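> So I've got this file, model_3.tsv, and it contains TSV, C-alpha atoms:
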chain	number	residue	atom	x	y	z
A	16	MET	CA	-10.45	-35.86	-12.80
A	17	ASN	CA	-11.33	-39.33	-14.01
A	18	GLU	CA	-8.81	-42.12	-14.51
A	19	HIS	CA	-8.61	-41.60	-18.28
A	20	ASP	CA	-7.79	-37.87	-17.85
A	21	GLU	CA	-5.16	-38.69	-15.20
A	22	GLN	CA	-3.52	-41.20	-17.53
A	23	GLU	CA	-3.61	-38.73	-20.42
A	24	PHE	CA	-2.05	-36.00	-18.25
A	25	ALA	CA	0.66	-38.39	-17.00
A	26	GLU	CA	1.59	-39.22	-20.60
A	27	TYR	CA	1.67	-35.56	-21.58
A	28	PHE	CA	3.78	-34.73	-18.52
A	29	ALA	CA	6.29	-37.50	-19.27
A	30	ALA	CA	6.59	-36.37	-22.89
A	31	ARG	CA	6.95	-32.62	-22.19
A	32	ARG	CA	8.73	-32.49	-18.80
A	33	ASP	CA	12.30	-32.12	-20.09
A	34	CYS	CA	11.38	-29.59	-22.78
A	35	VAL	CA	9.47	-27.43	-20.31
A	36	ARG	CA	12.31	-27.65	-17.79
A	37	ARG	CA	14.83	-26.50	-20.45
A	38	THR	CA	12.59	-23.60	-21.40
A	39	ALA	CA	12.26	-22.66	-17.74
A	40	TYR	CA	16.05	-22.73	-17.41
A	41	LEU	CA	16.39	-20.39	-20.36
A	42	LEU	CA	13.91	-18.03	-18.68
A	43	CYS	CA	15.62	-17.92	-15.29
A	44	GLY	CA	19.19	-19.23	-15.70
A	45	ASP	CA	19.09	-21.54	-12.67
A	46	TRP	CA	18.21	-25.25	-12.74
A	47	HIS	CA	16.66	-25.26	-9.27
A	48	ARG	CA	14.41	-22.33	-10.09
A	49	ALA	CA	13.67	-23.94	-13.46
A	50	ASP	CA	12.40	-27.04	-11.65
A	51	ASP	CA	10.16	-24.86	-9.48
A	52	LEU	CA	8.82	-22.95	-12.48
A	53	ALA	CA	8.13	-26.13	-14.44
A	54	GLN	CA	6.35	-27.60	-11.45
A	55	THR	CA	4.24	-24.46	-11.05
A	56	ALA	CA	3.29	-24.58	-14.73
A	57	PHE	CA	2.41	-28.29	-14.65
A	58	VAL	CA	0.35	-27.89	-11.48
A	59	ALA	CA	-1.63	-25.09	-13.12
A	60	LEU	CA	-2.10	-27.25	-16.21
A	61	HIS	CA	-3.24	-30.21	-14.12
A	62	ARG	CA	-5.91	-28.07	-12.45
A	63	ARG	CA	-7.37	-27.19	-15.85
A	64	TRP	CA	-6.65	-30.43	-17.68
A	65	ASN	CA	-10.25	-31.61	-17.94
A	66	ARG	CA	-11.37	-28.16	-19.18
A	67	ILE	CA	-8.92	-28.07	-22.10
A	68	ARG	CA	-11.01	-28.95	-25.13
A	69	GLU	CA	-8.38	-28.63	-27.81
A	70	ARG	CA	-5.31	-30.65	-26.84
A	71	GLY	CA	-3.31	-28.95	-29.58
A	72	ALA	CA	-3.42	-25.72	-27.55
A	73	THR	CA	-1.97	-27.41	-24.46
A	74	ASP	CA	1.63	-26.51	-25.31
A	75	ALA	CA	0.71	-22.86	-25.80
A	76	TYR	CA	-1.18	-22.80	-22.50
A	77	LEU	CA	1.74	-24.44	-20.68
A	78	ARG	CA	4.26	-22.04	-22.25
A	79	LYS	CA	2.17	-19.00	-21.31
A	80	THR	CA	1.79	-20.30	-17.74
A	81	LEU	CA	5.54	-20.90	-17.53
A	82	VAL	CA	6.42	-17.39	-18.68
A	83	ARG	CA	3.91	-15.80	-16.32
A	84	ALA	CA	5.26	-17.87	-13.42
A	85	SER	CA	8.77	-16.75	-14.28
A	86	ILE	CA	7.76	-13.09	-14.33
A	87	ASP	CA	5.80	-13.41	-11.10
A	88	GLU	CA	8.72	-15.14	-9.40
A	89	SER	CA	11.16	-12.43	-10.48
A	90	ARG	CA	8.93	-9.79	-8.83
A	91	ARG	CA	9.17	-11.40	-5.41
A	92	PRO	CA	11.40	-9.42	-3.01
A	93	TRP	CA	13.73	-12.28	-2.17
A	94	ARG	CA	14.59	-12.73	-5.84
A	95	ARG	CA	16.14	-9.26	-5.90
A	96	GLU	CA	18.84	-10.40	-3.52
A	97	GLN	CA	22.14	-11.25	-5.14
A	98	GLN	CA	24.73	-13.66	-3.83
A	99	VAL	CA	28.29	-12.39	-3.75
A	100	GLU	CA	31.59	-14.07	-3.04
A	101	ARG	CA	32.66	-11.50	-0.45
A	102	LEU	CA	30.62	-9.31	1.84
A	103	PRO	CA	31.03	-5.62	1.14
A	104	GLU	CA	33.20	-3.72	3.56
A	105	PRO	CA	31.29	-1.34	5.80
A	106	GLU	CA	31.60	2.32	4.95
A	107	PRO	CA	33.90	4.24	7.25
A	108	VAL	CA	32.07	6.41	9.74
A	109	ALA	CA	32.07	9.94	8.38
A	110	GLU	CA	32.61	13.02	10.44
A	111	ARG	CA	30.33	15.35	8.48
A	112	LEU	CA	26.62	15.62	9.20
A	113	ASP	CA	25.53	15.16	5.61
A	114	ASP	CA	27.46	11.87	5.42
A	115	GLN	CA	25.92	10.35	8.53
A	116	VAL	CA	22.68	8.48	8.01
A	117	ALA	CA	22.32	7.90	11.75
A	118	LEU	CA	21.64	11.59	12.32
A	119	ARG	CA	18.29	11.58	10.55
A	120	ALA	CA	16.57	12.50	13.82
A	121	ASP	CA	18.83	15.55	14.12
A	122	LEU	CA	17.93	16.62	10.58
A	123	LEU	CA	14.21	16.24	11.31
A	124	ALA	CA	14.59	18.20	14.55
A	125	GLY	CA	16.48	20.91	12.65
A	126	LEU	CA	13.77	21.09	10.01
A	127	GLU	CA	11.17	21.64	12.73
A	128	ARG	CA	12.97	24.86	13.68
A	129	VAL	CA	12.85	26.21	10.11
A	130	PRO	CA	9.82	28.45	9.35
A	131	ARG	CA	6.98	26.59	7.62
A	132	LYS	CA	7.22	28.06	4.11
A	133	GLN	CA	11.00	27.69	4.08
A	134	ARG	CA	10.65	24.14	5.35
A	135	ALA	CA	8.16	23.41	2.58
A	136	VAL	CA	10.58	24.76	0.00
A	137	LEU	CA	13.47	22.69	1.40
A	138	VAL	CA	11.41	19.51	1.51
A	139	LEU	CA	10.09	19.97	-2.02
A	140	ARG	CA	13.52	20.85	-3.41
A	141	TYR	CA	15.81	18.42	-1.62
A	142	PHE	CA	13.61	15.52	-0.55
A	143	GLU	CA	11.05	15.44	-3.35
A	144	GLY	CA	13.57	16.47	-6.00
A	145	LEU	CA	11.51	19.24	-7.61
A	146	ASP	CA	13.23	22.01	-9.49
A	147	VAL	CA	12.67	25.69	-8.73
A	148	ALA	CA	9.82	25.99	-11.25
A	149	GLY	CA	8.14	22.88	-9.85
A	150	VAL	CA	8.28	24.20	-6.30
A	151	ALA	CA	6.95	27.57	-7.45
A	152	ASN	CA	4.05	25.82	-9.17
A	153	VAL	CA	3.21	23.74	-6.08
A	154	LEU	CA	3.40	26.69	-3.69
A	155	GLY	CA	1.80	29.21	-6.04
A	156	CYS	CA	4.63	31.75	-5.84
A	157	SER	CA	7.36	33.12	-8.09
A	158	GLU	CA	10.61	31.33	-8.86
A	159	GLY	CA	12.51	34.22	-7.27
A	160	ASN	CA	10.53	33.67	-4.07
A	161	VAL	CA	11.47	29.99	-4.12
A	162	LYS	CA	15.14	30.85	-4.52
A	163	SER	CA	15.13	33.34	-1.64
A	164	GLN	CA	13.11	31.01	0.59
A	165	THR	CA	15.58	28.21	-0.21
A	166	ALA	CA	18.56	30.38	0.76
A	167	ARG	CA	16.88	31.53	3.98
A	168	GLY	CA	15.67	28.01	4.81
A	169	LEU	CA	19.17	26.57	4.38
A	170	ALA	CA	20.57	29.32	6.60
A	171	HIS	CA	18.01	28.51	9.30
A	172	LEU	CA	18.73	24.80	8.98
A	173	ARG	CA	22.48	25.35	9.23
A	174	ALA	CA	21.99	27.47	12.33
A	175	ALA	CA	19.65	24.89	13.87
A	176	LEU	CA	22.09	22.06	13.21
A	177	GLY	CA	25.16	24.06	14.19
A	178	GLU	CA	27.09	22.65	11.26
A	179	GLU	CA	27.66	23.32	7.60
A	180	VAL	CA	25.08	21.53	5.43
A	181	GLU	CA	26.14	20.82	1.88
A	182	THR	CA	23.45	20.97	-0.81
A	183	HIS	CA	23.60	19.65	-4.34
A	184	GLY	CA	21.17	21.52	-6.49
Could you render the structure from this file as structure tokens?


Amino acid sequence: MNEHDEQEFAEYFAARRDCVRRTAYLLCGDWHRADDLAQTAFVALHRRWNRIRERGATDAYLRKTLVRASIDESRRPWRREQQVERLPEPEPVAERLDDQVALRADLLAGLERVPRKQRAVLVLRYFEGLDVAGVANVLGCSEGNVKSQTARGLAHLRAALGEEVETHG
């Protein structure tokens, strides 16, 4: 950029900085993030400053860049974290198999001992969340067959695990 364009951009920046920062705050609700968003928008504008032919459209371009930066920033994984005053208490260790996440390996080992078609029915029903008709459609069999294969598969799984397995569905 030449010296005239730099001077023109500096004047525009000085005139619009506070307004853009307030808009950014309204978008995100945090002054620190608002500063980051405004900076991102102004940096993008600076890169294109000498290509902007109609200076009247500069505000619209800056606003659009600011909104897009805000949306992009909200999609980043670390923005999904929420700060809390107190850490949540750990869940008490449960005694039942279906309440223990740590026994996933046992569940997988138990599933390996279930016959293939019954295993397919159990996986489609309880892990993929399909209803009886959906499983029947995937496997190309009747709904009655799905129901009987589900009952037999659960019996095999219970026997393989040596415990009662509760199902919801």

> Just give me the gap between atom CA of A:Leu137 and atom CA of A:Gly168 in Å, one decimal is fine.

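Taking atom CA of A:Leu137 as the start and atom CA of A:Gly168 as the end point, the length is 6.7 Å.
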
> Give the answer as one residue: which of A:Arg66, A:Arg37, A:His171, A:Arg32 has the shortest atom-to-atom distance to A:Asp20, using all atoms listed in the file?

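Closest candidate: A:Arg66.
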
> At what distance in Å, to one decimal, does atom CA of A:Ala53 lie from atom CA of A:Glu100?

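According to the coordinates, atom CA of A:Glu100 and atom CA of A:Ala53 are separated by 28.7 Å.
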
> Hey, can you check how far atom CA of A:Gln54 sits from atom CA of A:Arg68?

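According to the coordinates, atom CA of A:Gln54 and atom CA of A:Arg68 are separated by 22.1 Å.
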
> Quick one: what's the axis-aligned box for stretch 119-126 of chain A, all listed atoms, 8 Å on every side, centre and edges in Å to one decimal, as lines of an AutoDock Vina configuration file?


center_x = 16.3
center_y = 16.3
center_z = 12.3
size_x = 21.1
size_y = 25.5
size_z = 20.5

> Using only C-alpha atoms, which residue out of A:Trp46, A:Tyr76, A:Phe24, A:Phe142 lies closest to A:Leu126?

A:Phe142

> Skipping near chain neighbours, those fewer than 3 positions away, what residues fall within 7 Å of A:Val147 using all atoms listed in the file, listed as a PyMOL selection string?

chain A and resi 150-151+158+161

> May I have the residues within 12 Å of A:Ile67 as JSON, numbers by chain, using all atoms listed in the file and disregarding those fewer than 5 positions away in the same chain?

{"A": [20, 24, 59, 60, 61, 62, 72, 73, 74, 75, 76, 77]}

> Out of A:Asn160, A:Ser85, A:Asn152, A:Thr165, which residue has the shortest atom-to-atom distance to A:Arg36 when counting only C-alpha atoms?

A:Ser85

> Check the smallest atom-to-atom distance from each of A:Ala170, A:Val35, A:Ala29, A:Cys156 to A:Asp50 using all atoms listed in the file, then report the winner.

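Under the stated criterion, the closest residue is A:Val35.
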
> Select, from A:Tyr27, A:Phe57, A:Trp64, A:Tyr141, the residue with the minimum atom-to-atom distance to A:Arg78, counting all atoms listed in the file.

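Checking each of A:Tyr27, A:Phe57, A:Trp64, A:Tyr141 against A:Arg78, counting all atoms listed in the file, the winner is A:Phe57.
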